[in-house]
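Dropping protein-v8.txt in here (compact mmCIF, C-alpha atoms and all ligand atoms):
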```
# COMPACT_ATOMS: atom_id res chain seq x y z
CA MET K 14 32.73 21.24 13.17
CA GLN K 15 31.61 24.75 12.36
CA PRO K 16 31.37 27.16 15.36
CA PHE K 17 27.79 27.74 16.53
CA ALA K 18 25.90 29.76 19.11
CA PHE K 19 24.18 27.81 21.89
CA ALA K 20 21.05 28.72 23.82
CA ARG K 21 18.82 26.91 26.30
CA ALA K 22 15.05 27.33 25.94
CA THR K 23 12.72 27.20 28.94
CA ASP K 24 9.55 28.15 27.09
CA ALA K 25 8.24 26.62 23.84
CA ASP K 26 7.02 29.89 22.34
CA ALA K 27 10.33 31.59 23.11
CA ALA K 28 12.19 28.69 21.47
CA ILE K 29 10.07 28.97 18.33
CA GLN K 30 10.39 32.77 18.11
CA TRP K 31 14.10 32.43 18.75
CA ALA K 32 14.51 29.96 15.89
CA ALA K 33 12.34 31.99 13.52
CA GLY K 34 14.07 35.25 14.54
CA ALA K 35 17.61 33.90 14.14
CA SER K 36 16.84 32.73 10.59
CA THR K 37 15.47 36.18 9.71
CA ALA K 38 18.29 38.13 11.35
CA GLN K 39 20.99 36.29 9.44
CA GLN K 40 20.12 35.32 5.89
CA GLY K 41 20.27 31.53 5.51
CA ALA K 42 21.18 30.97 9.17
CA GLU K 43 20.39 27.41 10.20
CA VAL K 44 18.87 26.86 13.62
CA ARG K 45 18.53 23.41 15.13
CA PHE K 46 16.83 22.27 18.29
CA VAL K 47 18.78 19.65 20.20
CA ALA K 48 16.98 17.00 22.29
CA GLY K 49 18.94 13.78 22.97
CA GLY K 50 21.62 14.87 20.49
CA THR K 51 22.26 11.30 19.30
CA THR K 52 21.65 12.23 15.65
CA LEU K 53 22.38 15.95 15.56
CA ILE K 54 25.73 16.01 17.35
CA ASP K 55 27.02 13.04 15.30
CA LEU K 56 26.15 14.86 12.08
CA MET K 57 27.64 18.14 13.30
CA LYS K 58 30.94 16.38 14.04
CA LEU K 59 30.89 15.00 10.49
CA ASP K 60 30.16 18.51 9.09
CA VAL K 61 26.96 17.17 7.51
CA GLU K 62 24.78 19.39 9.74
CA ARG K 63 26.20 22.93 10.06
CA PRO K 64 23.79 24.95 12.20
CA HIS K 65 24.69 28.52 13.18
CA GLN K 66 22.56 28.25 16.31
CA VAL K 67 21.71 25.24 18.47
CA VAL K 68 18.79 25.59 20.90
CA ASP K 69 18.64 23.06 23.74
CA ILE K 70 14.98 22.12 24.31
CA ASN K 71 15.55 19.62 27.11
CA HIS K 72 14.09 21.98 29.75
CA LEU K 73 10.72 22.35 28.01
CA PRO K 74 7.80 20.60 29.78
CA LEU K 75 7.32 17.99 27.06
CA ALA K 76 8.39 14.77 28.78
CA GLU K 77 4.98 13.41 29.84
CA VAL K 78 2.83 10.54 28.53
CA GLU K 79 -0.85 11.35 29.17
CA SER K 80 -4.23 9.77 28.32
CA THR K 81 -6.40 11.72 25.91
CA PRO K 82 -10.14 12.28 26.61
CA GLU K 83 -10.89 9.97 23.63
CA GLY K 84 -8.94 7.10 25.21
CA GLY K 85 -5.72 7.51 23.22
CA LEU K 86 -2.26 8.61 24.31
CA LYS K 87 -0.51 11.99 24.11
CA ILE K 88 3.26 11.56 24.07
CA GLY K 89 5.51 14.56 24.75
CA ALA K 90 8.29 15.17 22.22
CA LEU K 91 10.90 14.85 24.98
CA VAL K 92 9.76 11.46 26.25
CA ARG K 93 12.86 9.26 26.00
CA ASN K 94 12.64 6.16 23.82
CA ALA K 95 13.39 3.89 26.81
CA ASP K 96 10.67 5.49 28.97
CA LEU K 97 8.12 5.22 26.17
CA ALA K 98 8.96 1.59 25.44
CA HIS K 99 8.46 0.64 29.10
CA HIS K 100 5.39 2.81 29.77
CA PRO K 101 2.59 0.51 31.04
CA ALA K 102 -0.07 1.97 28.70
CA VAL K 103 2.21 1.54 25.69
CA GLN K 104 3.09 -2.03 26.64
CA ARG K 105 -0.58 -2.86 27.20
CA ASP K 106 -2.32 -1.07 24.32
CA TYR K 107 0.37 -0.33 21.72
CA ALA K 108 2.74 -3.31 21.93
CA VAL K 109 4.01 -2.69 18.40
CA LEU K 110 5.42 0.68 19.50
CA SER K 111 7.16 -0.74 22.55
CA GLN K 112 8.65 -3.57 20.47
CA ALA K 113 9.82 -1.19 17.72
CA LEU K 114 11.53 1.13 20.20
CA LEU K 115 13.28 -1.76 21.96
CA ALA K 116 14.49 -3.09 18.59
CA GLY K 117 16.27 0.21 17.92
CA ALA K 118 19.82 1.33 18.76
CA SER K 119 21.18 0.34 22.21
CA GLY K 120 20.18 0.78 25.85
CA GLN K 121 22.33 3.90 26.29
CA LEU K 122 21.04 5.49 23.11
CA ARG K 123 17.40 4.77 24.00
CA ASN K 124 17.96 6.47 27.37
CA MET K 125 18.96 9.68 25.55
CA ALA K 126 16.93 9.55 22.31
CA THR K 127 13.58 11.35 22.33
CA THR K 128 10.27 10.90 20.51
CA GLY K 129 10.71 14.16 18.52
CA GLY K 130 14.34 13.42 17.67
CA ASN K 131 13.54 9.87 16.58
CA LEU K 132 10.85 11.18 14.20
CA LEU K 133 13.42 13.49 12.60
CA GLN K 134 16.49 11.23 12.56
CA ARG K 135 18.34 11.33 9.24
CA THR K 136 19.11 8.53 6.83
CA ARG K 137 22.06 6.16 7.37
CA CYS K 138 23.05 6.20 3.66
CA VAL K 139 26.86 6.18 3.86
CA TYR K 140 27.23 8.90 1.21
CA PHE K 141 24.94 11.27 3.12
CA ARG K 142 27.39 11.06 6.01
CA ASP K 143 30.51 11.55 3.84
CA THR K 144 31.04 15.17 2.75
CA GLY K 145 33.59 14.03 0.16
CA MET K 146 30.86 12.34 -1.91
CA PRO K 147 27.98 13.69 -4.00
CA CYS K 148 24.60 13.51 -2.26
CA ASN K 149 21.43 15.34 -3.31
CA LYS K 150 19.99 15.10 0.18
CA ARG K 151 22.99 16.80 1.81
CA GLU K 152 23.86 19.10 -1.09
CA PRO K 153 20.97 19.54 -3.53
CA GLY K 154 22.01 19.13 -7.17
CA SER K 155 25.33 17.40 -6.43
CA GLY K 156 24.13 13.94 -7.55
CA CYS K 157 23.47 10.60 -5.87
CA ALA K 158 26.52 8.43 -5.26
CA ALA K 159 24.41 5.51 -4.04
CA ILE K 160 22.60 4.74 -7.29
CA GLU K 161 25.81 3.52 -8.94
CA GLY K 162 27.51 2.76 -5.62
CA TYR K 163 26.89 0.90 -2.36
CA ASN K 164 23.12 0.56 -2.10
CA ARG K 165 22.58 -2.79 -0.33
CA ASN K 166 20.87 -1.14 2.67
CA LEU K 167 18.83 1.37 0.72
CA ALA K 168 15.22 1.65 -0.43
CA ILE K 169 13.20 -0.31 -2.96
CA LEU K 170 9.90 1.57 -2.49
CA GLY K 171 9.29 5.29 -3.07
CA THR K 172 12.69 5.97 -4.64
CA SER K 173 13.44 8.60 -7.29
CA GLN K 174 16.31 9.14 -9.70
CA HIS K 175 17.62 11.72 -7.19
CA CYS K 176 17.62 9.68 -3.95
CA ILE K 177 17.10 6.08 -2.83
CA ALA K 178 17.78 6.49 0.90
CA THR K 179 15.64 4.74 3.52
CA ASN K 180 14.04 6.32 6.53
CA PRO K 181 15.99 4.42 9.22
CA SER K 182 13.65 4.68 12.21
CA ASP K 183 11.92 1.71 13.82
CA MET K 184 9.60 3.90 15.90
CA ASN K 185 8.29 5.69 12.80
CA VAL K 186 7.15 2.38 11.28
CA ALA K 187 5.11 1.53 14.38
CA LEU K 188 3.66 5.06 14.56
CA THR K 189 2.60 4.68 10.91
CA ALA K 190 0.75 1.42 11.57
CA LEU K 191 -0.86 3.05 14.63
CA GLU K 192 -1.99 6.07 12.56
CA ALA K 193 -0.37 8.58 14.90
CA THR K 194 -0.69 12.35 14.58
CA VAL K 195 2.28 14.72 14.96
CA VAL K 196 1.58 18.00 16.77
CA ILE K 197 3.77 20.83 15.52
CA ARG K 198 4.06 24.39 16.83
CA GLY K 199 5.51 27.07 14.62
CA ALA K 200 5.66 30.83 14.26
CA HIS K 201 2.04 30.78 12.99
CA GLY K 202 0.53 28.53 15.65
CA GLU K 203 -0.17 24.82 16.10
CA ARG K 204 -1.01 22.26 13.44
CA ARG K 205 -1.74 18.54 13.60
CA VAL K 206 -0.32 16.38 10.83
CA PRO K 207 -1.32 12.71 10.34
CA ILE K 208 1.85 10.65 10.20
CA GLY K 209 0.97 9.51 6.67
CA GLU K 210 1.40 13.12 5.53
CA PHE K 211 4.38 14.02 7.73
CA PHE K 212 7.14 12.35 5.67
CA LEU K 213 7.71 13.38 2.04
CA LEU K 214 8.83 11.21 -0.86
CA PRO K 215 12.25 12.26 -2.23
CA GLY K 216 11.09 13.15 -5.76
CA ASP K 217 13.44 15.84 -7.04
CA THR K 218 13.78 17.49 -3.59
CA PRO K 219 15.25 14.76 -1.36
CA HIS K 220 16.61 17.36 1.07
CA GLN K 221 12.99 18.08 2.12
CA GLU K 222 12.20 15.03 4.23
CA THR K 223 9.14 16.18 6.18
CA VAL K 224 6.55 18.95 6.30
CA MET K 225 8.53 20.69 9.07
CA MET K 226 9.27 24.39 8.38
CA PRO K 227 12.20 26.41 9.81
CA GLY K 228 11.53 27.15 13.48
CA ASP K 229 8.87 24.42 13.83
CA LEU K 230 8.89 22.50 17.11
CA ILE K 231 7.33 19.06 17.53
CA THR K 232 5.51 19.17 20.85
CA HIS K 233 3.60 15.86 20.95
CA VAL K 234 2.64 12.69 19.15
CA ILE K 235 -0.96 11.55 19.60
CA LEU K 236 -2.07 7.93 19.31
CA PRO K 237 -5.74 7.18 18.63
CA PRO K 238 -7.54 4.88 21.08
CA PRO K 239 -6.47 1.24 20.63
CA ARG K 240 -8.90 -0.75 18.49
CA GLN K 241 -10.96 -3.21 20.53
CA GLY K 242 -9.70 -6.76 20.15
CA ALA K 243 -6.73 -5.85 17.94
CA ARG K 244 -3.25 -7.25 18.49
CA SER K 245 -0.06 -5.74 17.16
CA HIS K 246 3.48 -6.84 16.43
CA TYR K 247 6.83 -5.45 15.20
CA LEU K 248 9.37 -7.68 13.48
CA LYS K 249 12.80 -6.37 12.48
CA LEU K 250 15.29 -8.26 10.30
CA ARG K 251 18.91 -7.05 10.25
CA ASP K 252 22.48 -8.20 9.72
CA ARG K 253 23.09 -8.71 13.46
CA ALA K 254 20.78 -9.11 16.41
CA SER K 255 21.32 -5.73 18.10
CA TYR K 256 22.65 -2.23 17.51
CA GLU K 257 21.81 -2.42 13.82
CA PHE K 258 19.33 -0.76 11.48
CA ALA K 259 16.61 -2.77 9.70
CA LEU K 260 17.12 -4.40 6.33
CA ALA K 261 13.39 -5.00 6.44
CA SER K 262 10.83 -4.61 9.20
CA ALA K 263 7.07 -4.82 9.57
CA ALA K 264 4.62 -3.23 12.00
CA VAL K 265 1.14 -4.69 11.99
CA VAL K 266 -2.12 -4.10 13.87
CA LEU K 267 -4.61 -6.88 13.31
CA ALA K 268 -8.08 -7.75 14.61
CA VAL K 269 -9.46 -11.20 13.79
CA GLU K 270 -13.17 -11.99 14.29
CA GLY K 271 -14.66 -15.40 13.52
CA GLY K 272 -11.44 -16.47 11.84
CA LYS K 273 -11.48 -13.52 9.42
CA VAL K 274 -9.50 -10.29 9.38
CA ALA K 275 -11.78 -7.51 10.65
CA HIS K 276 -9.15 -4.76 10.77
CA ALA K 277 -5.57 -4.50 9.47
CA ARG K 278 -2.94 -1.78 9.46
CA VAL K 279 0.40 -2.55 7.85
CA ALA K 280 3.65 -0.56 7.65
CA LEU K 281 7.13 -1.56 6.46
CA GLY K 282 10.56 -0.29 7.49
CA GLY K 283 14.03 -0.63 5.95
CA VAL K 284 12.62 -0.75 2.43
CA GLY K 285 10.94 2.63 1.86
CA THR K 286 12.17 6.19 1.46
CA ARG K 287 9.65 6.96 4.19
CA PRO K 288 7.96 4.68 6.76
CA TRP K 289 5.91 2.64 4.28
CA ARG K 290 2.18 2.18 4.91
CA SER K 291 0.74 -0.48 2.64
CA PRO K 292 -2.94 0.08 1.76
CA GLU K 293 -2.49 -2.68 -0.85
CA ALA K 294 -1.76 -5.28 1.84
CA GLU K 295 -4.55 -3.92 4.05
CA ARG K 296 -7.07 -4.29 1.21
CA VAL K 297 -6.02 -7.90 0.63
CA LEU K 298 -6.35 -8.73 4.32
CA GLN K 299 -9.72 -7.11 4.99
CA GLY K 300 -12.46 -9.75 5.36
CA ARG K 301 -10.26 -12.71 4.35
CA PRO K 302 -9.47 -15.77 6.49
CA ALA K 303 -6.57 -15.07 8.84
CA THR K 304 -4.37 -17.82 7.39
CA PRO K 305 -0.74 -18.07 6.20
CA ALA K 306 -2.04 -18.18 2.60
CA THR K 307 -3.80 -14.80 3.02
CA PHE K 308 -0.75 -13.31 4.74
CA ALA K 309 1.50 -14.43 1.86
CA ILE K 310 -0.80 -12.78 -0.71
CA ALA K 311 -0.89 -9.57 1.35
CA ALA K 312 2.90 -9.55 1.61
CA LYS K 313 3.23 -9.95 -2.15
CA ALA K 314 0.82 -7.05 -2.68
CA ALA K 315 2.84 -4.84 -0.31
CA LEU K 316 5.99 -5.29 -2.41
CA HIS K 317 4.29 -5.20 -5.82
CA ASP K 318 5.72 -1.78 -6.73
CA ALA K 319 9.25 -2.46 -5.43
CA ARG K 320 12.10 -1.22 -7.68
CA PRO K 321 15.36 -2.73 -6.43
CA GLN K 322 18.82 -1.29 -7.04
CA SER K 323 21.91 -3.29 -8.10
CA GLN K 324 22.60 -4.73 -4.61
CA ASN K 325 19.29 -4.87 -2.78
CA GLY K 326 16.99 -7.14 -4.82
CA PHE K 327 17.07 -9.59 -1.88
CA LYS K 328 14.96 -7.13 0.10
CA ILE K 329 11.81 -7.98 -1.84
CA ASP K 330 11.74 -11.56 -0.62
CA LEU K 331 13.02 -10.57 2.82
CA ALA K 332 10.33 -7.92 3.33
CA GLN K 333 7.59 -10.28 2.11
CA ARG K 334 8.66 -12.97 4.57
CA CYS K 335 9.01 -10.39 7.33
CA LEU K 336 5.48 -9.08 6.81
CA ALA K 337 3.90 -12.53 6.48
CA HIS K 338 5.61 -13.63 9.70
CA ALA K 339 4.57 -10.47 11.58
CA LEU K 340 0.94 -10.98 10.51
CA ALA K 341 0.98 -14.62 11.57
CA THR K 342 2.44 -13.67 14.96
CA ALA K 343 -0.19 -10.98 15.53
CA ALA K 344 -2.96 -13.39 14.53
CA ALA K 345 -1.70 -16.30 16.65
C1 LIG K 401 24.90 4.01 16.77
C2 LIG K 401 23.46 4.31 16.56
C3 LIG K 401 22.58 3.27 16.29
C4 LIG K 401 21.22 3.54 16.11
N1 LIG K 401 20.37 2.51 15.80
C5 LIG K 401 19.04 2.79 15.57
C6 LIG K 401 18.12 1.76 15.25
O1 LIG K 401 18.47 0.58 15.16
N2 LIG K 401 16.82 2.11 15.03
C7 LIG K 401 16.40 3.39 15.13
O2 LIG K 401 15.21 3.65 14.92
N3 LIG K 401 17.25 4.39 15.43
C8 LIG K 401 18.54 4.12 15.66
N4 LIG K 401 19.41 5.13 15.95
C9 LIG K 401 18.94 6.50 15.86
C10 LIG K 401 18.36 7.04 17.16
O3 LIG K 401 17.11 6.42 17.39
C11 LIG K 401 18.20 8.54 16.95
O4 LIG K 401 19.50 9.10 16.90
C12 LIG K 401 17.39 9.19 18.04
O5 LIG K 401 16.10 8.67 18.11
C13 LIG K 401 17.31 10.69 17.81
O6 LIG K 401 16.71 11.29 18.93
P1 LIG K 401 17.45 12.49 19.68
O7 LIG K 401 16.50 12.99 20.71
O8 LIG K 401 18.80 12.11 20.15
O9 LIG K 401 17.54 13.54 18.47
P2 LIG K 401 18.51 14.77 18.26
O10 LIG K 401 19.83 14.30 17.76
O11 LIG K 401 18.51 15.67 19.44
O12 LIG K 401 17.72 15.51 17.09
C14 LIG K 401 17.55 14.90 15.83
C15 LIG K 401 16.91 15.92 14.90
O13 LIG K 401 15.62 16.25 15.34
C16 LIG K 401 15.50 17.64 15.63
N5 LIG K 401 14.62 17.70 16.80
C17 LIG K 401 14.71 16.97 17.94
N6 LIG K 401 13.64 17.19 18.72
C18 LIG K 401 12.86 18.08 18.05
C19 LIG K 401 11.60 18.68 18.34
N7 LIG K 401 10.92 18.40 19.45
N8 LIG K 401 11.09 19.54 17.43
C20 LIG K 401 11.75 19.82 16.29
N9 LIG K 401 12.95 19.30 15.98
C21 LIG K 401 13.48 18.42 16.85
C22 LIG K 401 16.90 18.13 15.83
O14 LIG K 401 17.02 19.51 15.48
C23 LIG K 401 17.66 17.25 14.86
O15 LIG K 401 17.58 17.79 13.56
C24 LIG K 401 20.76 4.88 16.18
C25 LIG K 401 21.65 5.93 16.49
C26 LIG K 401 22.98 5.65 16.68
C27 LIG K 401 23.90 6.78 16.99
S1 LIG K 402 20.60 7.86 -1.72
FE1 LIG K 402 20.00 9.90 -1.07
S2 LIG K 402 21.17 10.17 0.80
FE2 LIG K 402 22.18 8.53 -0.35
S3 LIG K 402 23.71 9.50 -1.70
FE3 LIG K 402 21.82 9.37 -2.86
S4 LIG K 402 20.89 11.36 -2.49
FE4 LIG K 402 22.36 11.08 -0.88
```
Translate this structure into structure tokens?
Ligand SMILES: Cc1cc2nc3c(=O)[nH]c(=O)nc-3n(C[C@H](O)[C@H](O)[C@H](O)COP(=O)(O)OP(=O)(O)OC[C@H]3O[C@@H](n4cnc5c(N)ncnc54)[C@H](O)[C@@H]3O)c2cc1C
Ligand code: SF4
Amino acid sequence: MQPFAFARATDADAAIQWAAGASTAQQGAEVRFVAGGTTLIDLMKLDVERPHQVVDINHLPLAEVESTPEGGLKIGALVRNADLAHHPAVQRDYAVLSQALLAGASGQLRNMATTGGNLLQRTRCVYFRDTGMPCNKREPGSGCAAIEGYNRNLAILGTSQHCIATNPSDMNVALTALEATVVIRGAHGERRVPIGEFFLLPGDTPHQETVMMPGDLITHVILPPPRQGARSHYLKLRDRASYEFALASAAVVLAVEGGKVAHARVALGGVGTRPWRSPEAERVLQGRPATPATFAIAAKAALHDARPQSQNGFKIDLAQRCLAHALATAAA
């Protein structure tokens, strides 16, 4: 692990100025905020993340879940995954989010992991975590060891010739189906980014994973008001029943009126280079009878553009079944 300076922030603006200032004072200096530390510290030990300065943000007042005037929810970036999953308003109105959080990691990790940190967790591609191997995401221009190597767990949607890594988060899939907004504060003020625009496709710059700029701090995530009469569900398929990342997962929000789908939001996990919203599946569902036949057609549409690698062709069928099952459960 490379030596680093450590500071503790008690004020959001000071933390942002600190991060922006440190990068300016020392050319190329990397500054990282640390929240739960369950991603960052791991990667620092592996020498994958090599910040010069670590700023502890745990004392910032960002650990509250509040109602918004519109009837939605404002979630502080430091709300722990366990607290969010068990929050009564989340369990009542956003079940898909609670289920996704509880499907992730382990009890101890969820007690530490935060909303902001979960949004920004890094891929679990084994080559990203191994500094002895080429990886365009870790070291731009070095190559991608996964394309010709071990790629069973990696993406089949949104890949490029430079990176095929999946976004590993469960929470991010639920937030995508719920059409959340990420509130970011930076050196030039606050901006609100719809989750569909927050994550970037790898293209030829896989090291740029989100729209976050150096010194940016996530302060909140905002959920819109729950849709009247809608039900939601998260289904995660993996190699073992706990403490394992998704091979395929589906987050769905579905409203059925008179036996027909009146509203559908669909996102997939474990198969995309970013949490994968499927407008194709949503279009198929809208206005059709809420039946297994419709759900199967929607699932096929969601995977239409899939491009499997040498070891992960099985994910197409798996993700289709996962989505069809999640839709049927939400509709039941
Ligand atoms: C063994 C293991 C199994 C796991 N299994 C799963 C799983 O099945 N599903 C799943 O979804 N996840 C899983 N995880 C990942 C876990 O959910 C994440 O590590 C966790 O959510 C990260 O949150 P954190 O607060 O600890 O982030 P940190 O490690 O503190 O930070 C992560 C990144 O976010 C940045 N950051 C944090 N907060 C902010 C902020 N407010 N503003 C700007 N930048 C910020 C940090 O600088 C860092 O770059 C697993 C992790 C481990 C170690
Ligand atoms: S898939 Fe992406 S993260 Fe994995 S080795 Fe290739 S470039 Fe690196």
| Pick from K:Ala158, K:Val206, K:Cys138, K:Ile231: nearest to Pro181 in chain K, with only C-alpha atoms counted? |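 For Pro181 in chain K, the nearest of the candidates is K:Cys138.
Nearest to ligand LIG 402 (chain K) of all the residues K:Asn325, K:Thr52, K:Asn164, K:Ser245 is K:Asn164, based on only C-alpha atoms and all ligand atoms.
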| message | Neighbouring residues of ligand LIG 401 (chain K) are defined here as those with any atom at most 6 Å from a ligand atom, counting only C-alpha atoms and all ligand atoms; list them as a PyMOL selection string. | response | chain K and resi 45-53+90+117-118+125-127+129-131+133-134+181-184+229-232+256-258
| task | Could you tell me which of K:Cys176, K:Ile329, K:Ala98, K:Ala259 comes closest to ligand LIG 402 (chain K) if we count only C-alpha atoms and all ligand atoms? | result |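 Of K:Cys176, K:Ile329, K:Ala98, K:Ala259, the one nearest ligand LIG 402 (chain K), counting only C-alpha atoms and all ligand atoms, is K:Cys176.
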| request: Compare K:Leu73, K:Ile169, K:Ala22, K:Val78 by their minimum atom-to-atom distance to ligand LIG 402 (chain K), counting all atoms listed in the file, and give me the closest one. | output: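 Closest to ligand LIG 402 (chain K) of all the choices is K:Ile169.
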| Taking only C-alpha atoms and all ligand atoms into account, which residues are within 6 Å of ligand LIG 402 (chain K), as a list of chain:residue names? | K:Cys138, K:Tyr140, K:Phe141, K:Cys148, K:Asn149, K:Lys150, K:Cys157, K:Ala158, K:Ala159, K:His175, K:Cys176, K:Ile177, K:Ala178
| query | What is the CA of Met225 in chain K-CA of Trp289 in chain K distance in Å, reported with one decimal? | reply |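 Taking CA of Met225 in chain K and CA of Trp289 in chain K, their separation equals 18.9 Å.
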| Distance query Gln112 in chain K at most 12 Å, all atoms listed in the file, self and fewer than 4 positions along chain excluded, as a ChimeraX atom specification | /K:94-95,97-100,103-108,116-117,183-184,186-188,245-249,262-265,339
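Residue neighbourhood of His65 in chain K, excluding near-sequence residues (fewer than 5 positions): Gln15, Pro16, Phe17, Ala18, Phe19, Ala35, Ala42, Glu43, Val44 and Arg45 of chain K, at 9 Å, using only C-alpha atoms.
Picture a line from CA of Ile310 in chain K to CA of Leu331 in chain K; it runs 14.4 Å.
Each of K:Arg296, K:Lys313, K:Thr304, K:Met57 was checked against Lys273 in chain K using all atoms listed in the file; the smallest atom-to-atom distance is that of K:Thr304.
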| query | Using only C-alpha atoms, which of K:Arg198, K:His233, K:His276, K:Arg151 sits nearest Arg63 in chain K? | reply |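 Nearest to Arg63 in chain K: K:Arg151.
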| task | Record the distance separating CA of Phe211 in chain K and CA of Thr194 in chain K, expressed in Å with one decimal. | result |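 Interatomic distance here is 8.7 Å.
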| task | Would you be able to write out as number ranges by chain which residues have an atom within 6 Å of (10.2, 14.1, 25.8) in the file's coordinates, counting all atoms listed in the file? | result | K: 75-76, 89-93, 127
